[in-house]
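See below for data_14.tsv, which holds TSV, C-alpha atoms and all ligand atoms.
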```tsv
chain	number	residue	atom	x	y	z
R	1	MET	CA	1.59	36.07	56.73
R	2	SER	CA	-1.90	35.24	55.47
R	3	GLU	CA	-1.55	37.47	52.38
R	4	LEU	CA	1.02	35.14	50.87
R	5	LYS	CA	-1.45	32.26	50.64
R	6	ASN	CA	-3.59	34.16	48.16
R	7	PHE	CA	-0.65	35.25	46.10
R	8	LYS	CA	-1.64	33.57	42.83
R	9	ASN	CA	-4.92	35.52	42.77
R	10	PHE	CA	-3.03	38.77	42.73
R	11	LYS	CA	-5.43	40.12	45.31
R	12	ILE	CA	-3.05	40.35	48.18
R	13	LYS	CA	-2.98	43.36	50.42
R	14	THR	CA	0.10	45.36	49.60
R	15	LEU	CA	1.57	47.08	52.66
R	16	LYS	CA	2.98	50.51	51.85
R	17	TYR	CA	5.56	52.11	54.08
R	18	ARG	CA	7.36	55.38	53.66
R	19	ILE	CA	10.87	54.85	54.99
R	20	ASN	CA	13.54	57.38	55.88
R	21	TYR	CA	16.44	57.35	53.41
R	22	LEU	CA	19.04	58.66	55.84
R	23	GLU	CA	18.12	56.53	58.84
R	24	PRO	CA	15.81	53.73	57.64
R	25	GLU	CA	13.54	52.74	60.56
R	26	ALA	CA	14.67	49.37	61.99
R	27	LYS	CA	11.08	48.26	62.66
R	28	ILE	CA	10.01	48.71	59.05
R	29	LEU	CA	13.17	47.01	57.77
R	30	GLU	CA	12.55	44.09	60.12
R	31	GLN	CA	9.02	43.61	58.79
R	32	ALA	CA	10.24	43.81	55.19
R	33	ALA	CA	13.04	41.33	55.93
R	34	GLN	CA	10.52	38.91	57.46
R	35	ILE	CA	8.46	38.99	54.28
R	36	ILE	CA	11.58	38.28	52.21
R	37	ASN	CA	12.58	35.46	54.57
R	38	HIS	CA	9.09	33.93	54.30
R	39	GLY	CA	9.28	33.87	50.51
R	40	GLY	CA	7.31	37.09	49.85
R	41	LEU	CA	7.93	40.09	47.59
R	42	VAL	CA	9.02	43.59	48.66
R	43	ALA	CA	9.57	46.55	46.32
R	44	PHE	CA	12.30	48.93	47.48
R	45	PRO	CA	14.20	51.97	46.17
R	46	THR	CA	17.72	51.81	44.78
R	47	GLU	CA	19.84	54.54	43.18
R	48	THR	CA	18.84	53.32	39.68
R	49	VAL	CA	15.12	52.40	39.71
R	50	TYR	CA	12.82	50.62	42.21
R	51	GLY	CA	13.54	46.91	42.57
R	52	LEU	CA	11.07	44.07	43.15
R	53	GLY	CA	12.85	41.93	45.71
R	54	ALA	CA	12.68	38.29	46.79
R	55	ASP	CA	15.09	35.91	48.52
R	56	ALA	CA	17.44	35.07	45.64
R	57	LEU	CA	18.16	31.62	47.13
R	58	ASN	CA	14.49	30.61	47.40
R	59	ALA	CA	13.29	29.27	44.03
R	60	ASP	CA	9.60	29.52	44.95
R	61	ALA	CA	9.98	33.14	46.01
R	62	VAL	CA	11.83	33.96	42.80
R	63	LYS	CA	9.05	32.36	40.72
R	64	LYS	CA	6.65	34.88	42.27
R	65	ILE	CA	8.73	37.71	40.84
R	66	TYR	CA	8.26	36.35	37.32
R	67	GLU	CA	4.52	35.92	37.95
R	68	ALA	CA	4.01	39.37	39.44
R	69	LYS	CA	5.88	41.04	36.56
R	70	GLY	CA	4.70	38.77	33.77
R	71	ARG	CA	8.39	38.37	32.98
R	72	PRO	CA	9.63	35.60	30.63
R	73	SER	CA	11.24	32.97	32.86
R	74	ASN	CA	14.40	32.83	30.71
R	75	ASN	CA	15.24	36.46	31.56
R	76	PRO	CA	17.56	36.15	34.58
R	77	LEU	CA	17.47	38.37	37.67
R	78	ILE	CA	20.16	40.49	39.28
R	79	LEU	CA	21.17	39.43	42.80
R	80	HIS	CA	21.62	42.42	45.10
R	81	ILE	CA	24.24	42.08	47.80
R	82	ASN	CA	25.87	44.42	50.30
R	83	ASN	CA	29.34	42.97	50.87
R	84	LEU	CA	32.04	41.09	49.00
R	85	ASN	CA	31.83	37.98	51.20
R	86	GLN	CA	28.33	37.47	49.88
R	87	ALA	CA	29.67	37.66	46.33
R	88	GLU	CA	32.21	34.93	47.15
R	89	ASP	CA	29.41	32.61	48.25
R	90	LEU	CA	27.50	33.11	45.01
R	91	VAL	CA	29.96	33.26	42.09
R	92	TYR	CA	33.55	32.40	41.13
R	93	LEU	CA	35.75	35.48	41.47
R	94	ASP	CA	39.17	36.20	39.98
R	95	ASP	CA	41.52	39.17	40.55
R	96	ARG	CA	39.88	41.19	37.82
R	97	ALA	CA	36.41	40.69	39.29
R	98	TYR	CA	37.62	41.72	42.76
R	99	SER	CA	39.30	44.86	41.50
R	100	LEU	CA	36.29	45.90	39.38
R	101	MET	CA	34.00	45.38	42.34
R	102	ARG	CA	36.28	47.37	44.66
R	103	GLU	CA	36.48	50.18	42.11
R	104	PHE	CA	32.82	50.49	41.09
R	105	TRP	CA	30.72	49.19	44.00
R	106	PRO	CA	28.49	50.26	45.53
R	107	GLY	CA	27.07	51.69	42.33
R	108	PRO	CA	25.00	51.23	39.18
R	109	ILE	CA	27.05	48.40	37.66
R	110	THR	CA	26.18	44.70	37.50
R	111	PHE	CA	28.75	41.95	36.95
R	112	VAL	CA	27.91	38.62	35.28
R	113	LEU	CA	30.12	35.77	36.51
R	114	LYS	CA	30.12	31.96	36.64
R	115	ALA	CA	27.49	30.96	39.18
R	116	LYS	CA	27.94	28.59	42.12
R	117	SER	CA	25.26	25.93	42.48
R	118	ILE	CA	23.78	27.62	45.57
R	119	ILE	CA	21.93	30.00	43.22
R	120	PRO	CA	18.70	28.35	42.02
R	121	LEU	CA	18.34	28.03	38.23
R	122	GLU	CA	15.12	30.10	38.49
R	123	THR	CA	17.13	33.10	39.67
R	124	ARG	CA	19.58	32.89	36.77
R	125	GLY	CA	17.04	32.03	34.08
R	126	GLY	CA	18.62	28.61	33.55
R	127	LEU	CA	22.10	30.00	32.75
R	128	ASP	CA	25.43	28.90	34.24
R	129	THR	CA	26.21	32.52	35.07
R	130	ALA	CA	24.65	34.98	37.51
R	131	ALA	CA	24.43	38.77	37.71
R	132	LEU	CA	25.46	40.59	40.91
R	133	ARG	CA	25.13	44.20	42.03
R	134	MET	CA	25.79	46.18	45.20
R	135	PRO	CA	23.36	49.13	45.20
R	136	ASP	CA	24.39	52.57	46.46
R	137	ASN	CA	21.35	53.23	48.58
R	138	LYS	CA	20.99	52.95	52.33
R	139	ILE	CA	17.47	51.51	52.31
R	140	ALA	CA	18.53	48.75	49.90
R	141	TYR	CA	21.74	48.13	51.87
R	142	LYS	CA	19.91	47.82	55.20
R	143	LEU	CA	17.19	45.62	53.73
R	144	ILE	CA	19.76	43.13	52.43
R	145	GLU	CA	21.47	43.23	55.83
R	146	ALA	CA	18.21	42.66	57.74
R	147	ALA	CA	17.13	39.80	55.46
R	148	ASN	CA	20.65	38.34	55.62
R	149	THR	CA	20.36	36.89	52.13
R	150	PRO	CA	21.02	38.13	48.59
R	151	ILE	CA	17.91	39.77	47.18
R	152	ALA	CA	16.95	39.05	43.57
R	153	ALA	CA	15.40	42.23	42.21
R	154	PRO	CA	14.44	43.21	38.69
R	155	SER	CA	12.73	46.55	38.21
R	156	ALA	CA	9.38	46.75	40.02
R	157	ASN	CA	7.21	47.19	36.91
R	158	ILE	CA	5.02	44.95	34.76
R	159	SER	CA	7.37	43.44	32.19
R	160	GLY	CA	8.00	45.74	29.23
R	161	ARG	CA	6.64	48.87	30.95
R	162	PRO	CA	8.82	51.86	31.90
R	163	SER	CA	10.80	51.15	35.06
R	164	PRO	CA	9.43	52.82	38.20
R	165	THR	CA	11.35	55.69	39.74
R	166	ASP	CA	8.78	56.77	42.34
R	167	PHE	CA	6.06	55.39	44.60
R	168	ASN	CA	3.21	56.14	42.20
R	169	ALA	CA	4.78	54.14	39.40
R	170	VAL	CA	5.51	51.12	41.63
R	171	SER	CA	2.01	51.26	43.04
R	172	GLN	CA	0.42	51.58	39.60
R	173	ASP	CA	2.01	48.32	38.43
R	174	MET	CA	2.37	46.29	41.64
R	175	ASP	CA	-0.45	47.16	44.06
R	176	GLY	CA	-2.28	43.92	44.88
R	177	ARG	CA	0.45	41.76	43.35
R	178	ILE	CA	3.18	41.97	45.99
R	179	ASP	CA	3.40	42.02	49.79
R	180	MET	CA	5.04	45.35	50.48
R	181	ILE	CA	6.25	48.58	48.91
R	182	LEU	CA	8.96	50.53	50.71
R	183	TYR	CA	9.32	54.03	49.38
R	184	SER	CA	11.02	57.28	50.07
R	185	ASP	CA	10.54	60.62	48.37
R	186	ASN	CA	14.19	61.37	48.01
R	187	ASN	CA	15.96	58.15	48.70
R	188	ASN	CA	19.41	59.18	47.64
R	189	LEU	CA	19.75	62.95	48.03
R	190	ASN	CA	19.12	63.61	44.34
R	191	LYS	CA	21.91	61.27	43.27
R	192	ASN	CA	19.34	58.97	41.66
R	193	ILE	CA	20.12	57.84	38.14
R	194	GLY	CA	16.65	56.96	36.85
R	195	ILE	CA	17.76	54.22	34.42
R	196	GLU	CA	19.07	50.76	35.24
R	197	SER	CA	22.59	49.59	35.95
R	198	THR	CA	25.29	48.96	33.37
R	199	VAL	CA	25.63	45.18	32.93
R	200	ILE	CA	29.01	43.70	32.04
R	201	ASP	CA	29.86	40.05	31.58
R	202	ILE	CA	33.27	39.20	33.05
R	203	SER	CA	32.71	35.43	33.14
R	204	ASP	CA	35.22	34.90	30.33
R	205	GLU	CA	38.50	36.42	29.16
R	206	GLN	CA	36.89	39.07	26.95
R	207	PRO	CA	34.67	41.40	29.04
R	208	LEU	CA	31.39	42.23	27.32
R	209	LEU	CA	29.06	45.19	27.67
R	210	LEU	CA	25.61	43.58	27.85
R	211	ARG	CA	23.64	46.70	28.73
R	212	ALA	CA	24.60	50.36	28.93
R	213	GLY	CA	23.39	52.06	32.09
R	214	GLY	CA	24.24	54.15	35.12
R	215	THR	CA	28.02	53.58	35.17
R	216	PRO	CA	29.64	55.22	32.11
R	217	LYS	CA	31.22	52.75	29.68
R	218	GLU	CA	34.27	54.97	29.24
R	219	LEU	CA	35.08	54.76	32.98
R	220	ILE	CA	34.99	50.97	32.87
R	221	ASP	CA	37.12	50.92	29.70
R	222	LYS	CA	39.67	53.24	31.27
R	223	PHE	CA	39.96	51.06	34.35
R	224	LEU	CA	40.15	47.81	32.37
R	225	LEU	CA	42.72	49.18	29.95
R	226	LYS	CA	44.99	50.51	32.69
R	227	ASN	CA	44.85	47.48	34.93
R	228	PHE	CA	44.15	44.55	32.62
R	229	ASN	CA	45.00	45.80	29.14
R	230	VAL	CA	41.60	44.92	27.78
R	231	LYS	CA	38.50	46.85	26.66
R	232	LEU	CA	34.79	46.10	26.73
R	233	GLU	CA	33.30	44.66	23.59
R	234	LYS	CA	29.72	44.13	22.52
R	235	PRO	CA	28.47	40.55	22.21
R	236	ASP	CA	27.69	39.58	18.64
R	237	GLU	CA	24.17	38.47	17.69
R	238	GLN	CA	24.97	34.76	18.00
R	239	SER	CA	26.88	34.98	21.27
R	240	LYS	CA	25.74	32.75	24.11
R	241	ARG	CA	26.99	35.50	26.38
R	242	ARG	CA	24.27	37.95	25.42
R	243	SER	CA	21.82	39.32	27.93
R	244	PRO	CA	18.49	37.60	27.39
R	245	GLY	CA	16.70	40.69	28.70
R	246	THR	CA	17.94	42.91	25.89
R	247	ARG	CA	16.10	40.94	23.20
R	248	TYR	CA	12.68	42.45	23.75
R	249	ARG	CA	10.99	45.82	23.24
R	250	HIS	CA	11.13	47.32	26.66
R	251	TYR	CA	10.66	50.39	28.84
R	252	ALA	CA	7.67	51.49	26.75
R	253	PRO	CA	4.51	53.36	27.75
R	254	LEU	CA	1.14	52.32	26.26
R	255	ILE	CA	1.28	55.25	23.83
R	256	PRO	CA	3.80	55.28	20.95
R	257	VAL	CA	7.26	56.79	21.39
R	258	LYS	CA	8.96	58.29	18.32
R	259	ILE	CA	12.45	59.66	18.05
R	260	CYS	CA	13.67	63.00	16.75
R	261	TYR	CA	17.18	64.35	16.25
R	262	PHE	CA	18.66	67.78	16.95
R	263	LYS	CA	21.55	68.75	14.64
R	264	ASP	CA	23.30	72.05	13.80
R	265	ASN	CA	20.91	74.01	16.04
R	266	ASN	CA	17.80	72.54	14.46
R	267	PHE	CA	15.42	69.63	14.75
R	268	ILE	CA	15.36	67.42	11.67
R	269	ASP	CA	11.88	66.95	10.12
R	270	LEU	CA	9.98	67.84	13.30
R	271	LYS	CA	6.26	68.47	12.70
R	272	ASP	CA	3.42	70.05	14.68
R	273	ASN	CA	1.77	67.43	16.87
R	274	SER	CA	-0.87	69.12	18.99
R	275	GLU	CA	-2.02	65.87	20.64
R	276	TRP	CA	1.46	64.60	21.36
R	277	GLY	CA	4.05	65.37	24.04
R	278	PHE	CA	7.70	66.26	23.56
R	279	ILE	CA	10.69	65.45	25.78
R	280	GLY	CA	14.29	66.35	25.16
R	281	LEU	CA	17.20	68.68	25.72
R	282	HIS	CA	16.21	71.49	23.32
R	283	GLU	CA	13.05	73.59	22.99
R	284	PRO	CA	11.09	72.32	19.94
R	285	ASN	CA	10.17	74.83	17.24
R	286	LYS	CA	6.82	73.09	16.66
R	287	ILE	CA	3.53	72.80	18.54
R	288	PHE	CA	3.02	70.05	21.12
R	289	LYS	CA	0.40	69.55	23.78
R	290	LYS	CA	3.04	69.26	26.47
R	291	VAL	CA	6.78	69.90	26.43
R	292	LEU	CA	9.41	68.83	28.97
R	293	ILE	CA	12.95	70.14	28.50
R	294	PHE	CA	15.84	68.85	30.61
R	295	LYS	CA	18.98	70.82	31.37
R	296	SER	CA	21.37	67.89	31.25
R	297	LEU	CA	21.70	64.27	30.16
R	298	GLU	CA	21.56	63.36	33.85
R	299	SER	CA	18.20	65.00	34.49
R	300	TYR	CA	16.83	63.64	31.19
R	301	ALA	CA	17.78	60.13	32.32
R	302	ARG	CA	16.42	60.72	35.83
R	303	GLU	CA	13.02	61.87	34.51
R	304	LEU	CA	12.65	59.74	31.36
R	305	PHE	CA	10.52	56.88	32.70
R	306	LYS	CA	8.47	59.18	34.90
R	307	SER	CA	7.70	61.40	31.90
R	308	PHE	CA	6.60	58.37	29.86
R	309	ARG	CA	4.10	57.41	32.55
R	310	GLU	CA	2.92	60.99	33.07
R	311	PHE	CA	2.26	61.61	29.39
R	312	GLU	CA	0.43	58.30	29.16
R	313	ALA	CA	-1.76	59.15	32.19
R	314	GLU	CA	-2.55	62.59	30.79
R	315	GLY	CA	-4.09	61.01	27.70
R	316	LEU	CA	-1.58	62.27	25.13
R	317	GLN	CA	-1.57	60.33	21.86
R	318	GLY	CA	2.15	59.77	21.73
R	319	ILE	CA	5.58	61.03	22.71
R	320	ILE	CA	8.33	62.52	20.58
R	321	ALA	CA	11.65	61.96	22.36
R	322	GLU	CA	14.83	63.76	21.33
R	323	LEU	CA	17.62	61.20	20.95
R	324	PRO	CA	20.78	62.82	22.32
R	325	ASP	CA	23.94	62.15	20.31
R	326	ASP	CA	26.21	62.35	23.35
R	327	GLU	CA	27.29	58.80	24.24
R	328	THR	CA	29.39	59.79	27.23
R	329	GLY	CA	28.34	59.55	30.88
R	330	VAL	CA	24.78	58.36	31.18
R	331	GLY	CA	24.23	59.25	27.48
R	332	LEU	CA	24.82	55.74	26.13
R	333	GLY	CA	22.32	54.18	28.55
R	334	LEU	CA	19.79	56.95	27.99
R	335	ARG	CA	20.02	56.48	24.21
R	336	ASP	CA	19.51	52.72	24.65
R	337	ARG	CA	16.33	53.23	26.73
R	338	ILE	CA	14.85	55.76	24.28
R	339	LEU	CA	15.66	53.54	21.28
R	340	ARG	CA	14.17	50.44	22.89
R	341	ALA	CA	11.04	52.26	24.09
R	342	SER	CA	10.50	53.39	20.50
R	343	ALA	CA	11.23	50.01	18.89
R	344	LEU	CA	8.23	48.52	17.11
R	401	LIG	P1	16.37	44.07	35.07
R	401	LIG	O1	16.73	43.69	36.44
R	401	LIG	O2	14.94	43.78	34.70
R	401	LIG	O3	16.74	45.48	34.77
R	401	LIG	O4	17.22	43.17	34.08
R	401	LIG	C1	18.44	42.57	34.44
R	401	LIG	C2	19.31	42.49	33.22
R	401	LIG	O5	20.46	41.70	33.53
R	401	LIG	C3	18.61	41.82	32.05
R	401	LIG	O6	18.99	42.47	30.87
R	401	LIG	C4	19.13	40.42	32.13
R	401	LIG	O7	19.04	39.75	30.90
R	401	LIG	C5	20.56	40.65	32.60
R	401	LIG	N1	21.14	39.45	33.25
R	401	LIG	C6	20.85	38.98	34.47
R	401	LIG	N2	21.55	37.85	34.70
R	401	LIG	C7	22.29	37.60	33.60
R	401	LIG	C8	23.20	36.57	33.22
R	401	LIG	N3	23.49	35.56	34.03
R	401	LIG	N4	23.76	36.65	32.00
R	401	LIG	C9	23.48	37.67	31.16
R	401	LIG	N5	22.62	38.66	31.47
R	401	LIG	C10	22.04	38.64	32.66
R	402	MG	MG	13.52	45.86	34.05
```

Before we go any further, please render this structure as structure tokens.
Amino acid sequence: MSELKNFKNFKIKTLKYRINYLEPEAKILEQAAQIINHGGLVAFPTETVYGLGADALNADAVKKIYEAKGRPSNNPLILHINNLNQAEDLVYLDDRAYSLMREFWPGPITFVLKAKSIIPLETRGGLDTAALRMPDNKIAYKLIEAANTPIAAPSANISGRPSPTDFNAVSQDMDGRIDMILYSDNNNLNKNIGIESTVIDISDEQPLLLRAGGTPKELIDKFLLKNFNVKLEKPDEQSKRRSPGTRYRHYAPLIPVKICYFKDNNFIDLKDNSEWGFIGLHEPNKIFKKVLIFKSLESYARELFKSFREFEAEGLQGIIAELPDDETGVGLGLRDRILRASAL
């Protein structure tokens, strides 16, 4: 694995393999697993966004993730696993954790729990908790199986940029910086979500919603209320149980993103912007250089980050994004991503 020696120079040769999403080729998986097991980095698809994976139990490998992304080292990583026994090795589980995992995994939800010491501090950004997720994607599942270790994987983008949802986006940010990109055109039969997982902290009595995402908050609330008579709350500003990663401006293209609102069948204060692009759920009544309209919250979420990168590449001066007011389903997570991309 000569590439790995030159890693710091960010001039490594990045292998790129298309892999079948229904029957991932064993040979390709084996090669990817070897890279992970030798402390290298492999980008791979999940049902949310592409992940940038390393052996979660190898501190040196995990450090390379932070370097490749330019990610602040106090922003902890999510460990991706493919069975509950793995979870037992990594964190302390109670009945509530087990039942949430059985209900919502595999799927776009991440649980923060008290970490066991086997997880290096690098992986958990120095915290005494760790975040775990079981992705609903066969390529990810088989890669974890082949590597036989939990895979730490943040989104496979340069820190702060829009998360990658296709090969081009991963390649744009990570070519030359990592060992391998696994990709697939349609890696989950159009079930892809396009934004990251919902993160909830269940390390203490009161469960906290740290980040809205792919799993609707109302489904988690319903389950928690019925079975444990408790509801999710948001951490307050001072809480130690906040998610470090939600402190920064994030998910943003290089061009500005501004928000507009649609109310009572009209856009509020929308102006002509012939050098700007527009994305949203309703046709704008003003002039834009490019307009993308989505039929549902789901397709808006699925295409959001891709649209950001496309508009940027096409040389538009900025993006006006309609902020949906629907907070159900993927709406809450979608709103969060649009708001944070537009934050100054
Ligand atoms: P990313 O994988 O880049 O989408 O980000 C993972 C998210 O999970 C970030 O918002 C992190 O701050 C959050 N996270 C990971 N581990 C923990 C933890 N132990 N406690 C709180 N938040 C966490
Ligand atoms: Mg990310």

Write out as CSV the residues of chain R that have any atom within 9 Å of an atom of ligand MG 402 (chain R), one row each with the nearest atom pair and its distance in Å to one decimal, counting only C-alpha atoms and all ligand atoms, sorted by chain and then rising number.
```
residue,atom,partner,partner_atom,distance
R:Val49,CA,R:MG402,MG,8.8
R:Gly51,CA,R:MG402,MG,8.6
R:Pro154,CA,R:MG402,MG,5.4
R:Ser155,CA,R:MG402,MG,4.3
R:Ala156,CA,R:MG402,MG,7.3
R:Asn157,CA,R:MG402,MG,7.1
R:Ile158,CA,R:MG402,MG,8.6
R:Ser159,CA,R:MG402,MG,6.9
R:Gly160,CA,R:MG402,MG,7.3
R:Arg161,CA,R:MG402,MG,8.1
R:Pro162,CA,R:MG402,MG,7.9
R:Ser163,CA,R:MG402,MG,6.0
R:Glu196,CA,R:MG402,MG,7.5
R:Gly245,CA,R:MG402,MG,8.1
R:His250,CA,R:MG402,MG,7.9
R:Tyr251,CA,R:MG402,MG,7.5
```

Check your understanding: Hey, which residues come within 9 Å of ligand LIG 401 (chain R) if we count only C-alpha atoms and all ligand atoms? Could you give them as number ranges by chain?
Key -> R: 49, 51-52, 71, 74-79, 110-115, 123-132, 152-157, 159, 163, 195-201, 210-211, 240-247

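Reported to one decimal place, the separation of CA of Lys231 in chain R from CA of Ala87 in chain R is 23.4 Å.
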
Study note, to complete from the structure: Correct to one decimal, the distance CA of Asn192 in chain R-CA of Tyr50 in chain R is 10.6 Å

Exercise for review: Just the residues within 8 Å of range 329-332 of chain R, please, counting all atoms listed in the file, with nothing from its chain fewer than 6 positions along; format it as an MDAnalysis selection string.
Suggested key: chainID R and resid 212:218 297:298 301

Study note, to complete from the structure: Shortest contact to Tyr66 in chain R, candidates R:Asp325, R:Asn85, R:His38, R:Glu122, atoms counted all atoms listed in the file, goes to R:Glu122

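The gap separating CA of Lys116 in chain R from CA of Tyr92 in chain R is 6.9 Å, in Å to one decimal.
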
Report, as lines of an AutoDock Vina configuration file, the centre and edge lengths in Å (one decimal) of the axis-aligned box enclosing every listed atom of range 231-247 of chain R, padded by 8 Å on each side.
```
center_x = 27.3
center_y = 39.8
center_z = 23.2
size_x = 38.4
size_y = 30.1
size_z = 27.0
```

Practice item. Tell me which protein, DNA and RNA residues are within 12 Å of range 307-319 of chain R, counting all atoms listed in the file, leaving out same-chain ones fewer than 2 positions away, and put them as a ChimeraX atom specification. Key: /R:157,161-166,168-170,172-173,194,251-260,273-280,288-294,299-305,321-322,337-338,341-342

Check your understanding: Skipping near chain neighbours, those fewer than 6 positions away, what residues fall within 7 Å of range 15-28 of chain R using only C-alpha atoms, listed as a VMD selection string?
Key -> chain R and resid 138 to 139 179 to 184 187 to 188

Point to revise | Best match for closeness to Leu219 in chain R among R:Leu334, R:Ile268, R:Leu232, R:Ala56, counting all atoms listed in the file | key: R:Leu232
